[in-house]
$ cat target-v8.pdb   # PDB, C-alpha atoms
ATOM      1  CA  MET I   1      56.147 -47.554  21.338
ATOM      2  CA  ASN I   2      54.460 -50.705  22.636
ATOM      3  CA  LEU I   3      53.722 -53.808  20.566
ATOM      4  CA  SER I   4      50.103 -52.927  19.776
ATOM      5  CA  LYS I   5      51.077 -49.467  18.550
ATOM      6  CA  ALA I   6      53.893 -50.916  16.463
ATOM      7  CA  ALA I   7      51.477 -53.353  14.850
ATOM      8  CA  PHE I   8      48.994 -50.560  14.090
ATOM      9  CA  ALA I   9      51.787 -48.459  12.597
ATOM     10  CA  ALA I  10      52.859 -51.362  10.410
ATOM     11  CA  ILE I  11      49.341 -51.761   9.016
ATOM     12  CA  ALA I  12      48.949 -48.028   8.447
ATOM     13  CA  LEU I  13      52.267 -47.617   6.677
ATOM     14  CA  LEU I  14      52.158 -50.805   4.614
ATOM     15  CA  SER I  15      48.831 -49.621   3.175
ATOM     16  CA  ALA I  16      49.765 -45.945   2.918
ATOM     17  CA  GLY I  17      47.626 -43.876   0.615
ATOM     18  CA  VAL I  18      48.314 -40.324  -0.143
ATOM     19  CA  GLY I  19      48.705 -37.536  -0.004
ATOM     20  CA  HIS I  20      51.301 -38.954   1.862
ATOM     21  CA  THR I  21      50.181 -41.446   4.401
ATOM     22  CA  ARG I  22      47.063 -42.188   6.393
ATOM     23  CA  PRO I  23      45.553 -38.961   7.785
ATOM     24  CA  VAL I  24      44.607 -40.839  10.990
ATOM     25  CA  SER I  25      47.274 -42.503  13.151
ATOM     26  CA  TRP I  26      47.019 -45.078  15.939
ATOM     27  CA  PRO I  27      44.980 -44.028  19.026
ATOM     28  CA  GLY I  28      47.121 -41.801  21.206
ATOM     29  CA  GLY I  29      49.636 -41.184  18.404
ATOM     30  CA  TRP I  30      51.037 -37.949  17.017
ATOM     31  CA  THR I  31      51.883 -37.252  13.375
ATOM     32  CA  ALA I  32      54.065 -34.509  11.863
ATOM     33  CA  ILE I  33      53.630 -33.897   8.124
ATOM     34  CA  GLY I  34      55.559 -31.556   5.846
ATOM     35  CA  GLU I  35      54.614 -30.842   2.218
ATOM     36  CA  LEU I  36      56.331 -28.791  -0.492
ATOM     37  CA  ASP I  37      55.398 -28.368  -4.161
ATOM     38  CA  PRO I  38      55.650 -25.509  -6.676
ATOM     39  CA  MET I  39      52.376 -23.966  -5.459
ATOM     40  CA  MET I  40      52.555 -24.313  -1.668
ATOM     41  CA  GLY I  41      54.405 -25.468   1.408
ATOM     42  CA  SER I  42      52.740 -26.628   4.617
ATOM     43  CA  ALA I  43      53.356 -28.161   8.028
ATOM     44  CA  LEU I  44      50.767 -30.127  10.005
ATOM     45  CA  LEU I  45      50.970 -31.576  13.523
ATOM     46  CA  HIS I  46      48.012 -33.652  14.668
ATOM     47  CA  TYR I  47      46.925 -36.007  17.452
ATOM     48  CA  THR I  48      44.709 -39.075  17.025
ATOM     49  CA  PRO I  49      42.342 -39.686  19.983
ATOM     50  CA  ASN I  50      40.872 -42.798  18.332
ATOM     51  CA  ARG I  51      41.162 -44.651  15.041
ATOM     52  CA  HIS I  52      38.319 -42.693  13.410
ATOM     53  CA  TRP I  53      39.607 -39.112  13.587
ATOM     54  CA  SER I  54      42.509 -36.765  14.273
ATOM     55  CA  ALA I  55      42.861 -33.073  15.147
ATOM     56  CA  GLY I  56      45.748 -30.645  14.989
ATOM     57  CA  ALA I  57      47.192 -27.405  13.629
ATOM     58  CA  ARG I  58      48.354 -26.569  10.111
ATOM     59  CA  ILE I  59      50.171 -23.618   8.551
ATOM     60  CA  THR I  60      50.308 -23.261   4.776
ATOM     61  CA  ARG I  61      52.246 -20.831   2.615
ATOM     62  CA  MET I  62      50.820 -20.288  -0.869
ATOM     63  CA  ARG I  63      54.165 -19.771  -2.559
ATOM     64  CA  GLU I  64      52.885 -18.734  -5.973
ATOM     65  CA  ALA I  65      50.080 -16.446  -4.756
ATOM     66  CA  GLU I  66      52.119 -15.126  -1.791
ATOM     67  CA  TRP I  67      49.698 -15.497   1.094
ATOM     68  CA  THR I  68      49.588 -17.621   4.251
ATOM     69  CA  MET I  69      46.862 -19.600   6.026
ATOM     70  CA  ALA I  70      46.900 -21.143   9.510
ATOM     71  CA  GLY I  71      44.294 -22.859  11.644
ATOM     72  CA  ALA I  72      42.913 -25.948  13.329
ATOM     73  CA  GLN I  73      42.338 -29.049  11.200
ATOM     74  CA  ALA I  74      40.186 -32.120  11.851
ATOM     75  CA  THR I  75      40.185 -35.329   9.785
ATOM     76  CA  TRP I  76      37.538 -38.051   9.894
ATOM     77  CA  LEU I  77      37.851 -41.616   8.637
ATOM     78  CA  ALA I  78      34.300 -41.980   7.309
ATOM     79  CA  LYS I  79      34.553 -45.536   5.976
ATOM     80  CA  ARG I  80      37.073 -48.364   5.656
ATOM     81  CA  TRP I  81      36.552 -51.394   3.442
ATOM     82  CA  ASN I  82      38.642 -54.457   4.292
ATOM     83  CA  MET I  83      38.856 -56.934   1.405
ATOM     84  CA  PRO I  84      40.874 -60.103   0.840
ATOM     85  CA  GLY I  85      44.324 -58.746   0.028
ATOM     86  CA  ALA I  86      43.242 -55.094  -0.318
ATOM     87  CA  GLN I  87      41.815 -52.114   1.543
ATOM     88  CA  ALA I  88      39.934 -48.910   0.668
ATOM     89  CA  ASN I  89      39.301 -45.760   2.713
ATOM     90  CA  LEU I  90      37.223 -42.591   2.580
ATOM     91  CA  TYR I  91      38.284 -39.488   4.530
ATOM     92  CA  PHE I  92      36.877 -36.009   5.064
ATOM     93  CA  ALA I  93      38.917 -33.088   6.441
ATOM     94  CA  GLY I  94      38.389 -29.438   7.215
ATOM     95  CA  LEU I  95      40.383 -26.459   8.452
ATOM     96  CA  ALA I  96      39.127 -23.267  10.109
ATOM     97  CA  GLY I  97      41.438 -20.351  10.809
ATOM     98  CA  GLY I  98      42.827 -17.189   9.285
ATOM     99  CA  ALA I  99      44.767 -16.041   6.228
ATOM    100  CA  TRP I 100      46.841 -12.994   5.410
ATOM    101  CA  GLU I 101      48.773 -11.504   2.556
ATOM    102  CA  ASP I 102      52.271 -10.262   3.278
ATOM    103  CA  GLY I 103      51.841  -7.239   5.557
ATOM    104  CA  GLY I 104      48.042  -7.409   5.392
ATOM    105  CA  PRO I 105      45.314  -8.048   7.979
ATOM    106  CA  VAL I 106      44.229 -11.531   9.042
ATOM    107  CA  ARG I 107      40.973 -12.640   7.419
ATOM    108  CA  PRO I 108      38.764 -15.720   7.974
ATOM    109  CA  ALA I 109      39.882 -18.744   5.949
ATOM    110  CA  GLY I 110      39.581 -22.497   5.702
ATOM    111  CA  PHE I 111      39.239 -25.500   3.458
ATOM    112  CA  ALA I 112      37.099 -28.603   2.995
ATOM    113  CA  GLU I 113      38.632 -31.789   1.606
ATOM    114  CA  VAL I 114      37.646 -35.325   0.594
ATOM    115  CA  GLN I 115      40.155 -38.131  -0.014
ATOM    116  CA  ALA I 116      39.723 -41.751  -1.120
ATOM    117  CA  ASP I 117      42.191 -44.561  -1.743
ATOM    118  CA  TRP I 118      42.380 -48.229  -2.664
ATOM    119  CA  GLU I 119      45.480 -50.402  -2.439
ATOM    120  CA  ASN I 120      46.890 -53.868  -2.204
ATOM    121  CA  ARG I 121      50.537 -54.726  -1.604
ATOM    122  CA  ARG I 122      51.641 -53.750  -5.126
ATOM    123  CA  VAL I 123      49.157 -51.259  -6.606
ATOM    124  CA  MET I 124      47.661 -48.067  -5.171
ATOM    125  CA  LEU I 125      44.982 -45.673  -6.440
ATOM    126  CA  MET I 126      44.221 -42.378  -4.736
ATOM    127  CA  GLY I 127      42.154 -39.258  -5.366
ATOM    128  CA  MET I 128      41.695 -36.007  -3.453
ATOM    129  CA  ALA I 129      39.690 -32.800  -3.916
ATOM    130  CA  ARG I 130      39.951 -29.608  -1.844
ATOM    131  CA  LEU I 131      38.097 -26.286  -1.814
ATOM    132  CA  THR I 132      39.967 -23.408  -0.145
ATOM    133  CA  HIS I 133      38.525 -20.007   0.719
ATOM    134  CA  ALA I 134      40.333 -17.020   2.198
ATOM    135  CA  ASP I 135      38.039 -14.015   2.600
ATOM    136  CA  SER I 136      38.959 -11.191   0.181
ATOM    137  CA  ILE I 137      42.158 -13.057  -0.801
ATOM    138  CA  GLU I 138      41.353 -16.151  -2.854
ATOM    139  CA  THR I 139      38.911 -18.980  -3.474
ATOM    140  CA  ALA I 140      40.418 -21.971  -5.265
ATOM    141  CA  ASP I 141      39.706 -25.626  -5.926
ATOM    142  CA  MET I 142      42.284 -28.389  -6.294
ATOM    143  CA  GLN I 143      42.069 -31.991  -7.466
ATOM    144  CA  MET I 144      44.830 -34.596  -7.375
ATOM    145  CA  ALA I 145      45.017 -38.215  -8.571
ATOM    146  CA  ARG I 146      47.754 -40.806  -8.159
ATOM    147  CA  ILE I 147      48.486 -44.315  -9.338
ATOM    148  CA  GLY I 148      51.329 -46.148  -7.621
ATOM    149  CA  TRP I 149      53.299 -49.346  -8.042
ATOM    150  CA  ALA I 150      55.572 -51.119  -5.562
ATOM    151  CA  PRO I 151      58.487 -52.950  -7.244
ATOM    152  CA  TYR I 152      58.524 -55.446  -4.357
ATOM    153  CA  ALA I 153      56.309 -56.309  -1.379
ATOM    154  CA  GLY I 154      58.341 -56.146   1.816
ATOM    155  CA  ALA I 155      57.558 -57.045   5.403
ATOM    156  CA  TYR I 156      57.297 -54.632   8.326
ATOM    157  CA  GLY I 157      60.828 -53.570   9.252
ATOM    158  CA  ASP I 158      61.957 -53.451   5.607
ATOM    159  CA  VAL I 159      62.521 -50.282   3.623
ATOM    160  CA  HIS I 160      59.553 -49.935   1.243
ATOM    161  CA  LEU I 161      59.494 -48.251  -2.155
ATOM    162  CA  TRP I 162      56.558 -46.905  -4.181
ATOM    163  CA  LEU I 163      56.656 -45.172  -7.580
ATOM    164  CA  PHE I 164      53.781 -42.832  -8.479
ATOM    165  CA  GLY I 165      52.372 -41.088 -11.486
ATOM    166  CA  GLN I 166      50.506 -37.992 -10.319
ATOM    167  CA  VAL I 167      48.297 -35.315 -11.895
ATOM    168  CA  MET I 168      47.274 -32.190  -9.985
ATOM    169  CA  ARG I 169      44.938 -29.411 -11.089
ATOM    170  CA  ASP I 170      44.735 -26.158  -9.113
ATOM    171  CA  SER I 171      42.507 -23.271 -10.176
ATOM    172  CA  GLY I 172      44.689 -20.871  -8.188
ATOM    173  CA  SER I 173      47.881 -21.682 -10.115
ATOM    174  CA  ARG I 174      49.164 -20.162 -13.343
ATOM    175  CA  ASP I 175      50.177 -23.667 -14.438
ATOM    176  CA  ARG I 176      46.793 -25.212 -13.646
ATOM    177  CA  VAL I 177      47.495 -28.847 -14.593
ATOM    178  CA  GLN I 178      50.751 -30.346 -13.342
ATOM    179  CA  PRO I 179      51.692 -33.976 -14.119
ATOM    180  CA  ALA I 180      54.490 -35.353 -11.945
ATOM    181  CA  LEU I 181      56.510 -38.436 -11.083
ATOM    182  CA  VAL I 182      57.044 -39.141  -7.373
ATOM    183  CA  ALA I 183      59.096 -41.751  -5.506
ATOM    184  CA  ARG I 184      58.205 -42.760  -1.937
ATOM    185  CA  ILE I 185      60.251 -44.657   0.620
ATOM    186  CA  PHE I 186      59.190 -45.484   4.146
ATOM    187  CA  TYR I 187      60.677 -47.322   7.060
ATOM    188  CA  ARG I 188      58.593 -48.163  10.127
ATOM    189  CA  THR I 189      57.012 -44.792  11.050
ATOM    190  CA  LEU I 190      59.051 -42.496   8.750
ATOM    191  CA  LEU I 191      57.938 -41.693   5.193
ATOM    192  CA  LEU I 192      59.749 -39.552   2.605
ATOM    193  CA  GLU I 193      58.719 -38.526  -0.909
ATOM    194  CA  ALA I 194      60.581 -36.719  -3.691
ATOM    195  CA  GLY I 195      59.393 -35.914  -7.192
ATOM    196  CA  LEU I 196      59.391 -33.548 -10.157
ATOM    197  CA  THR I 197      56.588 -31.965 -12.169
ATOM    198  CA  ASP I 198      56.654 -31.871 -15.965
ATOM    199  CA  ARG I 199      58.171 -28.377 -15.744
ATOM    200  CA  GLY I 200      60.866 -29.303 -13.258
ATOM    201  CA  GLY I 201      59.048 -28.187 -10.115
ATOM    202  CA  LEU I 202      60.226 -29.906  -6.949
ATOM    203  CA  ILE I 203      57.958 -32.035  -4.749
ATOM    204  CA  LEU I 204      59.164 -32.962  -1.234
ATOM    205  CA  ASN I 205      56.932 -34.565   1.415
ATOM    206  CA  SER I 206      57.606 -36.196   4.767
ATOM    207  CA  THR I 207      55.594 -37.899   7.514
ATOM    208  CA  LEU I 208      56.750 -38.951  10.965
ATOM    209  CA  ARG I 209      54.524 -40.787  13.469
ATOM    210  CA  PHE I 210      55.382 -40.944  17.157
TER     211      PHE I 210
END

$ encode --input "target-v8.pdb" --output "structure tokens"
Amino acid sequence: MNLSKAAFAAIALLSAGVGHTRPVSWPGGWTAIGELDPMMGSALLHYTPNRHWSAGARITRMREAEWTMAGAQATWLAKRWNMPGAQANLYFAGLAGGAWEDGGPVRPAGFAEVQADWENRRVMLMGMARLTHADSIETADMQMARIGWAPYAGAYGDVHLWLFGQVMRDSGSRDRVQPALVARIFYRTLLLEAGLTDRGGLILNSTLRF
């Protein structure tokens, strides 16, 4: 990684929003993202041609509903606001592909998503909404909100810590509203998250940029 890419990575990670980190990497960079919660598990690999958008492939397993979706995903950084000591971002994302129940035929599927965040070095606010449709299988909407706090503000090269309160609502889940506590650490281009829902459900997320 050259100096300019390292600097871009530092900015992206020091101001990381959710889900788990910025959905768009540095130009020419790759990102691998893994997500696990009581409702679903997913893996995403995407490439960033320029700082405004990324494209890649995602596979998602709906653990509770027992079906799988896979396809091509694109993410667009629609707007970035740079303020003295803070930053805000607005993203749109979409996936087009197929879905199948265990042993069943593949049917058209996809999702549309909007994500927004605001953060300074010590406080972070984030919200996300997603609409998922899998033909003849399920149509569901999900909303998630987070508020985060950093116990200390470190420099690039330090290990960083964030603590989040999170609330997720998913119309496709039996337990529709799930509050959770999540801890995040990241170091350079590696980010890890671990948390628990109010009912003891495990949350594990990871992001690696290269």

$ atom_distance --input "target-v8.pdb" --atom1 "atom CA of I:Leu161" --atom2 "atom CA of I:Phe186"
6.9 Å

$ resolve_selection --input "target-v8.pdb" --expression "the PyMOL selection byres ((chain I and resi 208-210) around 8)" --output "JSON, numbers by chain"
{"I": [1, 25, 29, 30, 31, 32, 33, 189, 190, 191, 206, 207]}

$ resolve_selection --input "target-v8.pdb" --expression "the PyMOL selection byres ((chain I and resi 138) around 10)" --output "PyMOL selection string"
chain I and resi 65+67+99+109+132-137+139-140+172

$ write_last_selection --input "target-v8.pdb" --atoms "C-alpha atoms" --output "PDB file, in the frame of the given file"
ATOM      1  CA  ALA I  65      50.080 -16.446  -4.756  1.00  0.00           C
ATOM      2  CA  TRP I  67      49.698 -15.497   1.094  1.00  0.00           C
ATOM      3  CA  ALA I  99      44.767 -16.041   6.228  1.00  0.00           C
ATOM      4  CA  ALA I 109      39.882 -18.744   5.949  1.00  0.00           C
ATOM      5  CA  THR I 132      39.967 -23.408  -0.145  1.00  0.00           C
ATOM      6  CA  HIS I 133      38.525 -20.007   0.719  1.00  0.00           C
ATOM      7  CA  ALA I 134      40.333 -17.020   2.198  1.00  0.00           C
ATOM      8  CA  ASP I 135      38.039 -14.015   2.600  1.00  0.00           C
ATOM      9  CA  SER I 136      38.959 -11.191   0.181  1.00  0.00           C
ATOM     10  CA  ILE I 137      42.158 -13.057  -0.801  1.00  0.00           C
ATOM     11  CA  THR I 139      38.911 -18.980  -3.474  1.00  0.00           C
ATOM     12  CA  ALA I 140      40.418 -21.971  -5.265  1.00  0.00           C
ATOM     13  CA  GLY I 172      44.689 -20.871  -8.188  1.00  0.00           C
TER      14      GLY I 172
END

$ resolve_selection --input "target-v8.pdb" --expression "the PyMOL selection byres ((chain I and resi 193-202) around 7)" --output "PDB file with C-alpha atoms, in the coordinates of the input"
ATOM      1  CA  ASP I  37      55.398 -28.368  -4.161  1.00  0.00           C
ATOM      2  CA  PRO I  38      55.650 -25.509  -6.676  1.00  0.00           C
ATOM      3  CA  GLN I 178      50.751 -30.346 -13.342  1.00  0.00           C
ATOM      4  CA  PRO I 179      51.692 -33.976 -14.119  1.00  0.00           C
ATOM      5  CA  ALA I 180      54.490 -35.353 -11.945  1.00  0.00           C
ATOM      6  CA  LEU I 181      56.510 -38.436 -11.083  1.00  0.00           C
ATOM      7  CA  VAL I 182      57.044 -39.141  -7.373  1.00  0.00           C
ATOM      8  CA  ALA I 183      59.096 -41.751  -5.506  1.00  0.00           C
ATOM      9  CA  ARG I 184      58.205 -42.760  -1.937  1.00  0.00           C
ATOM     10  CA  ILE I 185      60.251 -44.657   0.620  1.00  0.00           C
ATOM     11  CA  LEU I 191      57.938 -41.693   5.193  1.00  0.00           C
ATOM     12  CA  LEU I 192      59.749 -39.552   2.605  1.00  0.00           C
ATOM     13  CA  ILE I 203      57.958 -32.035  -4.749  1.00  0.00           C
ATOM     14  CA  LEU I 204      59.164 -32.962  -1.234  1.00  0.00           C
ATOM     15  CA  ASN I 205      56.932 -34.565   1.415  1.00  0.00           C
ATOM     16  CA  SER I 206      57.606 -36.196   4.767  1.00  0.00           C
TER      17      SER I 206
END

$ atom_distance --input "target-v8.pdb" --atom1 "atom CA of I:Trp100" --atom2 "atom CA of I:Ala145"
28.9 Å

$ closest_residue --input "target-v8.pdb" --among "I:Leu90, I:Met142, I:Ile147, I:Ala43" --to "I:Ala78" --atoms "all atoms listed in the file"
I:Leu90

$ decode --input "target-v8.pdb" --residues "stretch 110-145 of chain I" --atoms "N, CA and C atoms" --output "compact mmCIF listing (two decimals), in the first residue's frame"
# COMPACT_ATOMS: atom_id res chain seq x y z
N GLY I 110 -33.44 -9.24 -4.72
CA GLY I 110 -32.56 -8.09 -4.58
C GLY I 110 -32.95 -7.24 -3.40
N PHE I 111 -32.20 -6.18 -3.18
CA PHE I 111 -32.56 -5.23 -2.13
C PHE I 111 -32.16 -3.83 -2.56
N ALA I 112 -32.79 -2.84 -1.91
CA ALA I 112 -32.44 -1.44 -2.04
C ALA I 112 -32.19 -0.90 -0.64
N GLU I 113 -31.16 -0.08 -0.48
CA GLU I 113 -30.72 0.35 0.84
C GLU I 113 -30.29 1.80 0.83
N VAL I 114 -30.55 2.51 1.92
CA VAL I 114 -30.04 3.86 2.14
C VAL I 114 -29.38 3.89 3.51
N GLN I 115 -28.25 4.59 3.60
CA GLN I 115 -27.48 4.67 4.84
C GLN I 115 -26.96 6.09 5.02
N ALA I 116 -27.02 6.60 6.25
CA ALA I 116 -26.50 7.93 6.54
C ALA I 116 -25.75 7.88 7.86
N ASP I 117 -24.71 8.71 7.99
CA ASP I 117 -23.96 8.76 9.24
C ASP I 117 -23.41 10.16 9.47
N TRP I 118 -23.16 10.44 10.72
CA TRP I 118 -22.48 11.67 11.16
C TRP I 118 -21.54 11.29 12.28
N GLU I 119 -20.31 11.83 12.27
CA GLU I 119 -19.39 11.52 13.36
C GLU I 119 -18.31 12.57 13.50
N ASN I 120 -17.84 12.71 14.74
CA ASN I 120 -16.60 13.40 14.99
C ASN I 120 -15.65 12.37 15.61
N ARG I 121 -14.63 12.80 16.30
CA ARG I 121 -13.66 11.83 16.81
C ARG I 121 -14.16 11.04 18.01
N ARG I 122 -15.27 11.50 18.64
CA ARG I 122 -15.72 10.83 19.87
C ARG I 122 -17.17 10.35 19.84
N VAL I 123 -17.97 10.87 18.94
CA VAL I 123 -19.39 10.52 18.89
C VAL I 123 -19.77 10.15 17.46
N MET I 124 -20.64 9.16 17.31
CA MET I 124 -21.06 8.70 15.99
C MET I 124 -22.56 8.41 16.00
N LEU I 125 -23.25 8.86 14.98
CA LEU I 125 -24.67 8.55 14.77
C LEU I 125 -24.82 7.92 13.40
N MET I 126 -25.65 6.88 13.31
CA MET I 126 -25.80 6.19 12.04
C MET I 126 -27.20 5.61 11.92
N GLY I 127 -27.76 5.64 10.71
CA GLY I 127 -29.04 5.02 10.44
C GLY I 127 -29.03 4.32 9.09
N MET I 128 -29.80 3.24 8.97
CA MET I 128 -29.85 2.48 7.73
C MET I 128 -31.24 1.89 7.57
N ALA I 129 -31.73 1.85 6.33
CA ALA I 129 -33.00 1.19 6.02
C ALA I 129 -32.80 0.36 4.76
N ARG I 130 -33.41 -0.83 4.74
CA ARG I 130 -33.25 -1.75 3.60
C ARG I 130 -34.59 -2.43 3.30
N LEU I 131 -34.90 -2.53 2.02
CA LEU I 131 -36.07 -3.28 1.55
C LEU I 131 -35.57 -4.45 0.71
N THR I 132 -35.92 -5.67 1.12
CA THR I 132 -35.48 -6.89 0.44
C THR I 132 -36.68 -7.61 -0.16
N HIS I 133 -36.52 -8.06 -1.40
CA HIS I 133 -37.58 -8.83 -2.05
C HIS I 133 -36.98 -10.06 -2.71
N ALA I 134 -37.55 -11.20 -2.41
CA ALA I 134 -37.20 -12.46 -3.08
C ALA I 134 -38.50 -13.06 -3.60
N ASP I 135 -38.63 -13.15 -4.91
CA ASP I 135 -39.87 -13.52 -5.57
C ASP I 135 -40.40 -14.85 -5.04
N SER I 136 -41.64 -14.84 -4.55
CA SER I 136 -42.34 -16.02 -4.03
C SER I 136 -41.71 -16.57 -2.75
N ILE I 137 -40.73 -15.86 -2.17
CA ILE I 137 -40.11 -16.33 -0.93
C ILE I 137 -40.40 -15.36 0.21
N GLU I 138 -40.00 -14.09 0.05
CA GLU I 138 -40.20 -13.14 1.14
C GLU I 138 -40.00 -11.71 0.65
N THR I 139 -40.74 -10.79 1.23
CA THR I 139 -40.50 -9.36 1.11
C THR I 139 -40.44 -8.82 2.52
N ALA I 140 -39.35 -8.13 2.85
CA ALA I 140 -39.15 -7.67 4.23
C ALA I 140 -38.45 -6.33 4.23
N ASP I 141 -38.74 -5.54 5.26
CA ASP I 141 -38.04 -4.27 5.44
C ASP I 141 -37.30 -4.27 6.77
N MET I 142 -36.15 -3.62 6.80
CA MET I 142 -35.31 -3.57 7.99
C MET I 142 -34.84 -2.14 8.21
N GLN I 143 -34.81 -1.72 9.47
CA GLN I 143 -34.25 -0.44 9.85
C GLN I 143 -33.29 -0.66 11.02
N MET I 144 -32.20 0.09 11.03
CA MET I 144 -31.21 -0.03 12.09
C MET I 144 -30.66 1.34 12.45
N ALA I 145 -30.50 1.62 13.74
CA ALA I 145 -29.93 2.88 14.21
C ALA I 145 -28.86 2.58 15.25
